[in-house]
file protein39.tsv (TSV, C-alpha atoms)
chain	number	residue	atom	x	y	z
A	1	MET	CA	111.07	121.77	96.99
A	2	ASP	CA	110.47	124.00	100.02
A	3	LYS	CA	107.38	122.21	101.36
A	4	LYS	CA	107.34	118.67	102.73
A	5	VAL	CA	104.48	116.23	103.34
A	6	LEU	CA	104.93	113.03	105.34
A	7	VAL	CA	103.27	110.06	103.60
A	8	ALA	CA	102.79	107.06	105.91
A	9	PRO	CA	101.06	103.88	104.66
A	10	LEU	CA	100.29	100.94	106.92
A	11	ASN	CA	102.40	97.83	106.36
A	12	TRP	CA	99.53	95.32	106.09
A	13	GLY	CA	99.92	93.57	102.77
A	14	LEU	CA	101.14	95.89	100.02
A	15	GLY	CA	97.89	97.66	99.15
A	16	HIS	CA	98.24	100.64	101.47
A	17	ALA	CA	101.73	101.34	100.12
A	18	THR	CA	100.87	100.92	96.45
A	19	ARG	CA	97.81	103.18	96.58
A	20	CYS	CA	100.04	105.91	98.03
A	21	ILE	CA	102.24	105.81	94.91
A	22	PRO	CA	99.97	108.10	92.81
A	23	ILE	CA	99.72	110.50	95.77
A	24	ILE	CA	103.53	110.61	96.10
A	25	ASN	CA	103.88	111.25	92.36
A	26	ALA	CA	101.23	113.97	92.48
A	27	LEU	CA	102.93	115.72	95.43
A	28	MET	CA	106.18	115.89	93.46
A	29	HIS	CA	104.29	117.18	90.41
A	30	GLU	CA	102.83	119.96	92.58
A	31	GLY	CA	106.32	120.92	93.86
A	32	ILE	CA	105.89	119.35	97.31
A	33	GLU	CA	108.53	116.96	98.65
A	34	PRO	CA	107.09	113.64	99.93
A	35	VAL	CA	108.89	112.00	102.85
A	36	ILE	CA	107.91	108.33	103.10
A	37	ALA	CA	107.36	106.73	106.51
A	38	SER	CA	106.46	103.08	107.04
A	39	ASP	CA	108.04	99.74	107.92
A	40	GLY	CA	108.67	96.23	106.60
A	41	ALA	CA	107.66	95.21	103.09
A	42	ALA	CA	105.64	98.42	102.51
A	43	LEU	CA	108.70	100.59	103.17
A	44	SER	CA	110.92	98.29	101.09
A	45	LEU	CA	108.54	98.53	98.14
A	46	LEU	CA	108.33	102.33	98.27
A	47	LYS	CA	112.12	102.62	98.55
A	48	LYS	CA	112.37	100.63	95.31
A	49	GLU	CA	109.73	102.81	93.64
A	50	PHE	CA	111.24	106.09	94.88
A	51	PRO	CA	114.96	105.56	95.57
A	52	ALA	CA	115.69	109.32	95.60
A	53	LEU	CA	113.16	110.23	98.31
A	54	GLN	CA	113.81	110.54	102.03
A	55	THR	CA	112.35	107.75	104.16
A	56	ARG	CA	111.64	107.27	107.86
A	57	GLU	CA	111.00	104.00	109.68
A	58	LEU	CA	107.90	103.66	111.86
A	59	PRO	CA	107.06	101.04	114.49
A	60	SER	CA	105.58	97.83	113.09
A	61	TYR	CA	102.04	96.70	113.86
A	62	ASN	CA	103.27	93.09	113.45
A	63	VAL	CA	99.84	91.83	112.42
A	64	GLU	CA	99.59	88.11	111.73
A	65	TYR	CA	96.61	86.30	110.21
A	66	SER	CA	95.25	82.96	111.29
A	67	ALA	CA	95.75	79.96	109.00
A	68	LYS	CA	92.08	79.08	109.64
A	69	ARG	CA	89.13	81.34	108.84
A	70	SER	CA	87.35	80.34	112.05
A	71	ASN	CA	90.25	81.67	114.13
A	72	PHE	CA	90.47	85.05	112.36
A	73	LYS	CA	88.68	87.12	115.02
A	74	LEU	CA	90.59	85.47	117.86
A	75	LYS	CA	93.89	86.12	116.11
A	76	MET	CA	92.99	89.78	115.55
A	77	LEU	CA	91.97	90.09	119.21
A	78	LEU	CA	95.34	88.67	120.24
A	79	ASN	CA	96.99	91.23	117.92
A	80	SER	CA	95.22	94.12	119.66
A	81	PRO	CA	97.87	94.82	122.34
A	82	LYS	CA	100.60	94.93	119.66
A	83	ILE	CA	98.54	97.35	117.57
A	84	ALA	CA	97.83	99.61	120.55
A	85	HIS	CA	101.52	99.64	121.41
A	86	ALA	CA	102.43	100.48	117.81
A	87	ILE	CA	99.94	103.38	117.72
A	88	SER	CA	101.46	104.82	120.88
A	89	ALA	CA	104.97	104.40	119.48
A	90	GLU	CA	103.88	106.05	116.21
A	91	LYS	CA	102.72	109.15	118.07
A	92	LYS	CA	106.15	109.48	119.72
A	93	ALA	CA	107.93	108.97	116.40
A	94	ILE	CA	105.78	111.60	114.65
A	95	LYS	CA	106.38	114.09	117.46
A	96	LYS	CA	110.11	113.60	116.96
A	97	PHE	CA	109.86	113.98	113.16
A	98	ILE	CA	107.91	117.24	113.52
A	99	GLU	CA	110.47	118.60	115.99
A	100	GLU	CA	113.32	117.79	113.58
A	101	GLU	CA	111.74	118.95	110.28
A	102	ASN	CA	109.13	121.39	109.03
A	103	PHE	CA	106.20	119.52	107.43
A	104	CYS	CA	103.21	121.29	105.88
A	105	GLY	CA	101.09	118.13	105.95
A	106	ILE	CA	100.74	114.52	107.02
A	107	ILE	CA	99.00	111.80	104.98
A	108	SER	CA	98.34	108.62	106.95
A	109	ASP	CA	96.99	105.59	105.13
A	110	ASN	CA	95.40	103.66	108.01
A	111	ARG	CA	98.19	104.39	110.51
A	112	MET	CA	96.13	105.62	113.43
A	113	GLY	CA	98.94	107.28	115.38
A	114	VAL	CA	100.42	109.25	112.48
A	115	ARG	CA	99.08	112.77	113.05
A	116	HIS	CA	100.05	116.00	114.80
A	117	LYS	CA	97.91	118.81	116.18
A	118	ARG	CA	100.12	121.51	114.59
A	119	VAL	CA	100.22	119.94	111.11
A	120	PRO	CA	97.21	119.40	108.77
A	121	SER	CA	96.72	115.64	109.05
A	122	VAL	CA	94.74	113.46	106.63
A	123	PHE	CA	93.61	109.88	107.16
A	124	ILE	CA	93.06	107.69	104.08
A	125	THR	CA	90.60	104.81	104.37
A	126	HIS	CA	87.85	103.15	102.39
A	127	GLN	CA	86.46	101.64	105.61
A	128	LEU	CA	84.17	104.09	107.38
A	129	THR	CA	82.23	100.92	108.17
A	130	VAL	CA	84.54	98.18	109.48
A	131	LEU	CA	82.86	94.84	108.88
A	132	SER	CA	83.55	92.22	111.53
A	133	GLY	CA	80.39	90.10	111.66
A	134	LYS	CA	78.42	90.51	114.88
A	135	THR	CA	80.97	93.02	116.19
A	136	THR	CA	80.71	95.40	113.20
A	137	SER	CA	79.13	98.16	115.32
A	138	PHE	CA	81.98	97.98	117.85
A	139	SER	CA	84.81	97.79	115.29
A	140	THR	CA	83.32	100.70	113.32
A	141	LYS	CA	83.02	102.91	116.43
A	142	PHE	CA	86.59	102.02	117.45
A	143	HIS	CA	87.98	102.87	114.01
A	144	ASN	CA	85.96	106.08	113.66
A	145	LYS	CA	87.14	107.22	117.09
A	146	TYR	CA	90.68	107.38	115.70
A	147	ILE	CA	89.65	108.87	112.34
A	148	LYS	CA	87.92	111.79	114.10
A	149	LYS	CA	91.25	112.81	115.62
A	150	PHE	CA	92.48	113.71	112.11
A	151	ASP	CA	91.57	116.96	110.38
A	152	LEU	CA	90.12	115.24	107.32
A	153	CYS	CA	89.40	111.78	105.93
A	154	TRP	CA	90.04	110.94	102.27
A	155	VAL	CA	87.98	108.05	100.91
A	156	PRO	CA	89.38	106.66	97.62
A	157	ASP	CA	86.06	106.05	95.87
A	158	MET	CA	83.25	107.85	94.07
A	159	ALA	CA	80.83	109.72	96.28
A	160	ASP	CA	77.77	108.33	94.49
A	161	ASP	CA	76.70	105.19	92.62
A	162	PRO	CA	78.19	103.39	90.88
A	163	ASN	CA	81.05	102.99	93.34
A	164	LEU	CA	83.54	100.31	94.37
A	165	SER	CA	83.40	100.19	98.17
A	166	GLY	CA	79.65	100.00	98.82
A	167	GLU	CA	78.69	100.32	102.48
A	168	LEU	CA	82.35	100.25	103.54
A	169	GLY	CA	82.96	103.78	102.27
A	170	HIS	CA	79.35	104.99	102.28
A	171	PRO	CA	77.78	104.54	105.73
A	172	LYS	CA	74.21	105.67	106.22
A	173	LYS	CA	75.28	107.97	109.06
A	174	SER	CA	78.68	109.56	109.66
A	175	SER	CA	79.96	112.68	111.45
A	176	ILE	CA	83.44	112.38	109.94
A	177	PRO	CA	84.54	115.17	107.52
A	178	VAL	CA	85.05	113.19	104.30
A	179	THR	CA	86.40	114.03	100.85
A	180	TYR	CA	85.73	111.39	98.19
A	181	LEU	CA	88.74	111.28	95.88
A	182	GLY	CA	87.71	108.73	93.32
A	183	PRO	CA	89.67	105.45	93.06
A	184	LEU	CA	93.44	105.68	93.63
A	185	SER	CA	95.69	103.76	91.25
A	186	ARG	CA	99.33	104.04	90.21
A	187	PHE	CA	98.56	102.48	86.81
A	188	GLU	CA	97.51	103.69	83.36
A	189	TYR	CA	95.28	101.77	80.99
A	190	GLN	CA	96.95	100.74	77.73
A	191	VAL	CA	95.80	98.67	74.78
A	192	VAL	CA	98.66	96.21	74.24
A	193	PRO	CA	99.02	92.72	72.70
A	194	LYS	CA	98.04	90.00	75.16
A	195	LYS	CA	101.01	87.94	76.37
A	196	TYR	CA	99.38	85.85	79.10
A	197	ASP	CA	96.04	84.07	79.39
A	198	ILE	CA	96.02	84.39	83.19
A	199	MET	CA	97.94	86.48	85.69
A	200	VAL	CA	98.00	85.46	89.36
A	201	LEU	CA	98.63	88.52	91.52
A	202	LEU	CA	99.38	87.62	95.14
A	203	SER	CA	99.80	89.82	98.22
A	204	GLY	CA	98.72	90.11	101.83
A	205	PRO	CA	99.84	88.96	105.26
A	206	GLU	CA	101.11	85.47	105.96
A	207	PRO	CA	100.33	82.63	106.26
A	208	GLN	CA	97.37	83.15	103.91
A	209	ARG	CA	99.48	84.51	101.04
A	210	THR	CA	101.54	81.30	100.98
A	211	LEU	CA	98.49	79.04	101.38
A	212	LEU	CA	96.83	80.59	98.33
A	213	GLU	CA	100.06	80.46	96.34
A	214	GLN	CA	100.45	76.74	97.01
A	215	LYS	CA	96.85	76.00	96.05
A	216	LEU	CA	97.00	77.98	92.80
A	217	PHE	CA	100.31	76.41	91.78
A	218	GLN	CA	98.76	72.97	92.17
A	219	GLU	CA	95.77	73.98	90.06
A	220	PHE	CA	97.62	75.71	87.25
A	221	GLU	CA	100.25	73.04	86.80
A	222	GLN	CA	97.39	71.06	85.23
A	223	SER	CA	96.49	73.87	82.82
A	224	ASP	CA	97.67	74.40	79.24
A	225	LYS	CA	97.15	78.17	79.53
A	226	LYS	CA	100.02	80.66	79.47
A	227	ILE	CA	100.23	81.93	83.06
A	228	VAL	CA	102.31	84.47	84.97
A	229	PHE	CA	102.60	84.41	88.78
A	230	VAL	CA	103.59	87.53	90.74
A	231	ARG	CA	104.15	86.19	94.24
A	232	GLY	CA	104.17	89.54	96.08
A	233	VAL	CA	107.31	88.66	98.05
A	234	ILE	CA	109.52	91.76	98.33
A	235	GLU	CA	113.17	90.64	98.40
A	236	GLU	CA	116.54	92.30	97.82
A	237	THR	CA	116.55	91.48	94.11
A	238	GLN	CA	113.88	90.69	91.54
A	239	LYS	CA	113.87	87.04	90.46
A	240	MET	CA	112.15	85.29	87.58
A	241	TYR	CA	112.02	81.69	86.44
A	242	VAL	CA	109.85	79.55	84.19
A	243	LYS	CA	108.27	76.23	85.14
A	244	ASN	CA	106.45	74.55	82.24
A	245	ASN	CA	103.60	76.91	81.31
A	246	ILE	CA	104.11	79.27	84.28
A	247	THR	CA	106.38	82.33	84.45
A	248	ILE	CA	107.10	83.20	88.09
A	249	HIS	CA	108.26	86.54	89.56
A	250	ASN	CA	108.92	87.11	93.26
A	251	TYR	CA	107.67	90.67	92.75
A	252	LEU	CA	107.22	93.32	90.07
A	253	ILE	CA	107.02	97.10	90.49
A	254	GLY	CA	106.33	100.17	88.39
A	255	SER	CA	105.97	99.84	84.66
A	256	ASP	CA	106.90	96.13	84.74
A	257	LEU	CA	103.84	95.33	86.84
A	258	GLU	CA	101.62	97.72	84.90
A	259	ASN	CA	102.66	96.19	81.57
A	260	THR	CA	102.16	92.64	82.83
A	261	ILE	CA	98.61	93.37	84.04
A	262	ASN	CA	97.74	95.21	80.82
A	263	SER	CA	99.05	92.30	78.74
A	264	SER	CA	97.07	89.64	80.65
A	265	ASN	CA	93.54	88.59	79.70
A	266	LEU	CA	92.41	87.63	83.20
A	267	ILE	CA	93.66	88.54	86.69
A	268	ILE	CA	93.25	86.18	89.66
A	269	SER	CA	93.88	87.89	92.98
A	270	ARG	CA	92.67	88.73	96.45
A	271	SER	CA	89.78	91.17	96.61
A	272	GLY	CA	91.74	93.76	98.59
A	273	TYR	CA	90.41	97.23	97.89
A	274	THR	CA	93.63	98.55	96.36
A	275	THR	CA	93.64	95.66	93.90
A	276	VAL	CA	89.99	96.38	93.05
A	277	MET	CA	90.89	100.03	92.34
A	278	ASP	CA	93.91	99.08	90.21
A	279	LEU	CA	91.93	96.62	88.12
A	280	ALA	CA	89.12	99.17	87.67
A	281	LYS	CA	91.66	101.68	86.35
A	282	LEU	CA	92.99	99.04	83.93
A	283	LYS	CA	89.47	97.90	82.94
A	284	LYS	CA	90.28	94.25	83.62
A	285	LYS	CA	88.37	91.03	83.86
A	286	ALA	CA	89.18	89.35	87.15
A	287	PHE	CA	88.44	86.47	89.50
A	288	PHE	CA	88.63	87.19	93.23
A	289	ILE	CA	89.57	84.86	96.09
A	290	PRO	CA	89.13	86.82	99.35
A	291	THR	CA	91.45	86.24	102.30
A	292	PRO	CA	89.65	83.76	104.58
A	293	GLY	CA	88.06	85.54	107.54
A	294	GLN	CA	88.77	89.06	106.27
A	295	PHE	CA	85.22	90.43	106.23
A	296	GLU	CA	86.10	93.44	104.07
A	297	GLN	CA	87.51	91.31	101.23
A	298	GLU	CA	84.65	88.82	101.49
A	299	TYR	CA	82.13	91.66	101.29
A	300	LEU	CA	83.81	93.28	98.28
A	301	ALA	CA	84.06	89.97	96.42
A	302	GLU	CA	80.43	89.06	97.14
A	303	ARG	CA	79.17	92.52	96.14
A	304	LEU	CA	81.06	92.54	92.83
A	305	THR	CA	79.86	89.00	92.08
A	306	LEU	CA	76.21	89.85	92.83
A	307	ASN	CA	76.53	92.86	90.51
A	308	LYS	CA	77.80	90.51	87.77
A	309	LEU	CA	81.10	92.36	87.51
A	310	VAL	CA	83.65	89.88	88.91
A	311	PRO	CA	83.15	86.22	89.89
A	312	SER	CA	84.64	84.95	93.13
A	313	CYS	CA	84.80	81.96	95.47
A	314	ASN	CA	86.24	80.85	98.79
A	315	GLN	CA	89.91	79.85	98.86
A	316	ASN	CA	89.23	76.17	99.54
A	317	ASP	CA	86.66	75.95	96.74
A	318	PHE	CA	88.80	77.23	93.86
A	319	THR	CA	89.38	74.94	90.88
A	320	LEU	CA	90.03	75.62	87.20
A	321	LYS	CA	86.36	74.85	86.53
A	322	LYS	CA	85.44	78.10	88.32
A	323	LEU	CA	86.82	80.05	85.34
A	324	ARG	CA	84.39	78.59	82.81
A	325	ASP	CA	81.69	81.26	83.24
A	326	MET	CA	83.93	84.33	82.95
A	327	ASN	CA	82.07	85.65	79.89
A	328	THR	CA	78.90	86.17	81.94
A	329	TYR	CA	80.66	88.88	83.99
A	330	LYS	CA	81.29	92.43	82.75
A	331	GLY	CA	84.64	93.11	84.43
A	332	LEU	CA	85.70	96.32	86.16
A	333	ARG	CA	84.85	99.03	83.64
A	334	ASN	CA	83.01	102.35	83.58
A	335	PHE	CA	84.47	103.78	86.81
A	336	SER	CA	85.79	107.35	86.80
A	337	THR	CA	89.42	107.48	88.00
A	338	ASP	CA	90.41	111.16	87.50
A	339	ILE	CA	91.55	113.05	90.62
A	340	ASP	CA	92.22	116.82	90.96
A	341	TYR	CA	95.33	116.60	93.13
A	342	GLY	CA	96.05	120.32	92.95
A	343	GLU	CA	92.72	121.09	94.61
A	344	LEU	CA	93.23	118.26	97.09
A	345	PHE	CA	96.62	119.53	98.30
A	346	HIS	CA	95.30	123.05	98.99
A	347	PHE	CA	94.26	121.58	102.33
A	348	PHE	CA	97.90	121.56	103.47
A	349	HIS	CA	97.97	125.37	103.42
A	350	SER	CA	94.94	125.58	105.71
A	351	LYS	CA	96.73	125.77	109.06

call {"tool": "encode", "arguments": {"input": "protein39.tsv", "output": "structure tokens"}}
result
Amino acid sequence: MDKKVLVAPLNWGLGHATRCIPIINALMHEGIEPVIASDGAALSLLKKEFPALQTRELPSYNVEYSAKRSNFKLKMLLNSPKIAHAISAEKKAIKKFIEEENFCGIISDNRMGVRHKRVPSVFITHQLTVLSGKTTSFSTKFHNKYIKKFDLCWVPDMADDPNLSGELGHPKKSSIPVTYLGPLSRFEYQVVPKKYDIMVLLSGPEPQRTLLEQKLFQEFEQSDKKIVFVRGVIEETQKMYVKNNITIHNYLIGSDLENTINSSNLIISRSGYTTVMDLAKLKKKAFFIPTPGQFEQEYLAERLTLNKLVPSCNQNDFTLKKLRDMNTYKGLRNFSTDIDYGELFHFFHSK
């Protein structure tokens, strides 16, 4: 492969990394070499998915969530200096990468400093509107200020209704050059025998990932259903054990994860946008528990519940009784998920 594209997902949960997997596969299919750049669990996951590809380490944003919903904004405000420092450090790292190697393109999934004026640079986000309560106008302007520095913005959603992101990816007014890709997912839908009644799919920053895990374990130990837990903890080796009715994995990747989701009747997870896209591709019934204080996830869960697609509730309110009305919800079906990657990558020959 003569041409190289740098693919750099944000390490904030695993969603940014996993939704880059189909892009990385498509680049290779088109004869372009992807070079992966990230940090932490996101980089570890992609190294496991693509052990033969080159990787680069980027500065960490080191974002931590509050254990209490009411403290979410304050915690994010306290994280701001670390994020600003990371963005500055990213710019220096990218400058060095470009000096050392010849890249024909850069794809940044929400890493605001990963761009270069001499290289066609794309920013991937589903948040052209950044919900933050009373400060939504400010947070949106701040985010869009960085997006405008890129040559193009890819939004992984349909351009028109029905769509998955709602006002997040479809603001009433925007001056940003946007290409709507359709939903991004690494998975393929398969009709397979059902092995599990319920799959719990965990991810996201601490301490909220652990708090939800503990709550759901307590609930499902009382159930007679056949349940599989995927904890979303990326470690050196994959581990699995069985406790009564629950099969527990520290993490799953690739076809193992795809097969487990396909063979489960119901998925319980956060309402992160990448998870929403994956479950739409796999046409699943789901129950969403948004991360407390994360406005984006709360908005997505509420919107899908109001549209009678996926039920949801707050983390503290979840009990097994919440699953009784699942049949009144349609699930995530009827969303187009085909993407013309060949046409998309023509952009990298534009400069």

call {"tool": "residues_around", "arguments": {"input": "protein39.tsv", "residues": "range 270-285 of chain A", "least_positions_apart": "2", "cutoff": "6 Å", "atoms": "only C-alpha atoms", "output": "PDB file with C-alpha atoms, in the frame of the given file"}}
result
ATOM      1  CA  GLY A  15      97.890  97.660  99.150  1.00  0.00           C
ATOM      2  CA  PRO A 183      89.670 105.450  93.060  1.00  0.00           C
ATOM      3  CA  SER A 185      95.690 103.760  91.250  1.00  0.00           C
ATOM      4  CA  TYR A 189      95.280 101.770  80.990  1.00  0.00           C
ATOM      5  CA  LEU A 266      92.410  87.630  83.200  1.00  0.00           C
ATOM      6  CA  PHE A 288      88.630  87.190  93.230  1.00  0.00           C
ATOM      7  CA  ILE A 289      89.570  84.860  96.090  1.00  0.00           C
ATOM      8  CA  PRO A 290      89.130  86.820  99.350  1.00  0.00           C
ATOM      9  CA  GLN A 297      87.510  91.310 101.230  1.00  0.00           C
ATOM     10  CA  ALA A 301      84.060  89.970  96.420  1.00  0.00           C
ATOM     11  CA  GLY A 331      84.640  93.110  84.430  1.00  0.00           C
ATOM     12  CA  LEU A 332      85.700  96.320  86.160  1.00  0.00           C
ATOM     13  CA  ARG A 333      84.850  99.030  83.640  1.00  0.00           C
TER      14      ARG A 333
END

call {"tool": "closest_residue", "arguments": {"input": "protein39.tsv", "among": "A:Leu300, A:Ile106, A:Ser88, A:Glu49", "to": "Val35 in chain A", "atoms": "only C-alpha atoms"}}
result
A:Ile106

call {"tool": "residues_around", "arguments": {"input": "protein39.tsv", "residues": "Lys91 in chain A", "least_positions_apart": "5", "cutoff": "9 Å", "atoms": "only C-alpha atoms", "output": "list in words"}}
result
Ala86, Lys96, Met112, Gly113, Val114, Arg115 and His116 of chain A

call {"tool": "atom_distance", "arguments": {"input": "protein39.tsv", "atom1": "CA of Ile198 in chain A", "atom2": "CA of Phe220 in chain A"}}
result
9.7 Å

call {"tool": "atom_distance", "arguments": {"input": "protein39.tsv", "atom1": "CA of Ala93 in chain A", "atom2": "CA of Ser108 in chain A"}}
result
13.5 Å

call {"tool": "atom_distance", "arguments": {"input": "protein39.tsv", "atom1": "CA of Arg56 in chain A", "atom2": "CA of Asp2 in chain A"}}
result
18.5 Å

call {"tool": "residues_around", "arguments": {"input": "protein39.tsv", "residues": "range 225-239 of chain A", "least_positions_apart": "3", "cutoff": "7 Å", "atoms": "only C-alpha atoms", "output": "MDAnalysis selection string"}}
result
chainID A and resid 41 45 196:203 245:252

call {"tool": "closest_residue", "arguments": {"input": "protein39.tsv", "among": "A:His170, A:His29, A:His143, A:Lys48", "to": "Asp157 in chain A", "atoms": "only C-alpha atoms"}}
result
A:His170

call {"tool": "closest_residue", "arguments": {"input": "protein39.tsv", "among": "A:Thr136, A:Pro193, A:Arg303, A:Phe348", "to": "Leu6 in chain A", "atoms": "only C-alpha atoms"}}
result
A:Phe348

call {"tool": "closest_residue", "arguments": {"input": "protein39.tsv", "among": "A:Leu304, A:Leu211, A:Leu131, A:Val192", "to": "Glu258 in chain A", "atoms": "all atoms listed in the file"}}
result
A:Val192

call {"tool": "residues_around", "arguments": {"input": "protein39.tsv", "residues": "Gln127 in chain A", "least_positions_apart": "4", "cutoff": "9 Å", "atoms": "all atoms listed in the file", "output": "ChimeraX atom specification"}}
result
/A:131,140,143,155,165,167-170,296
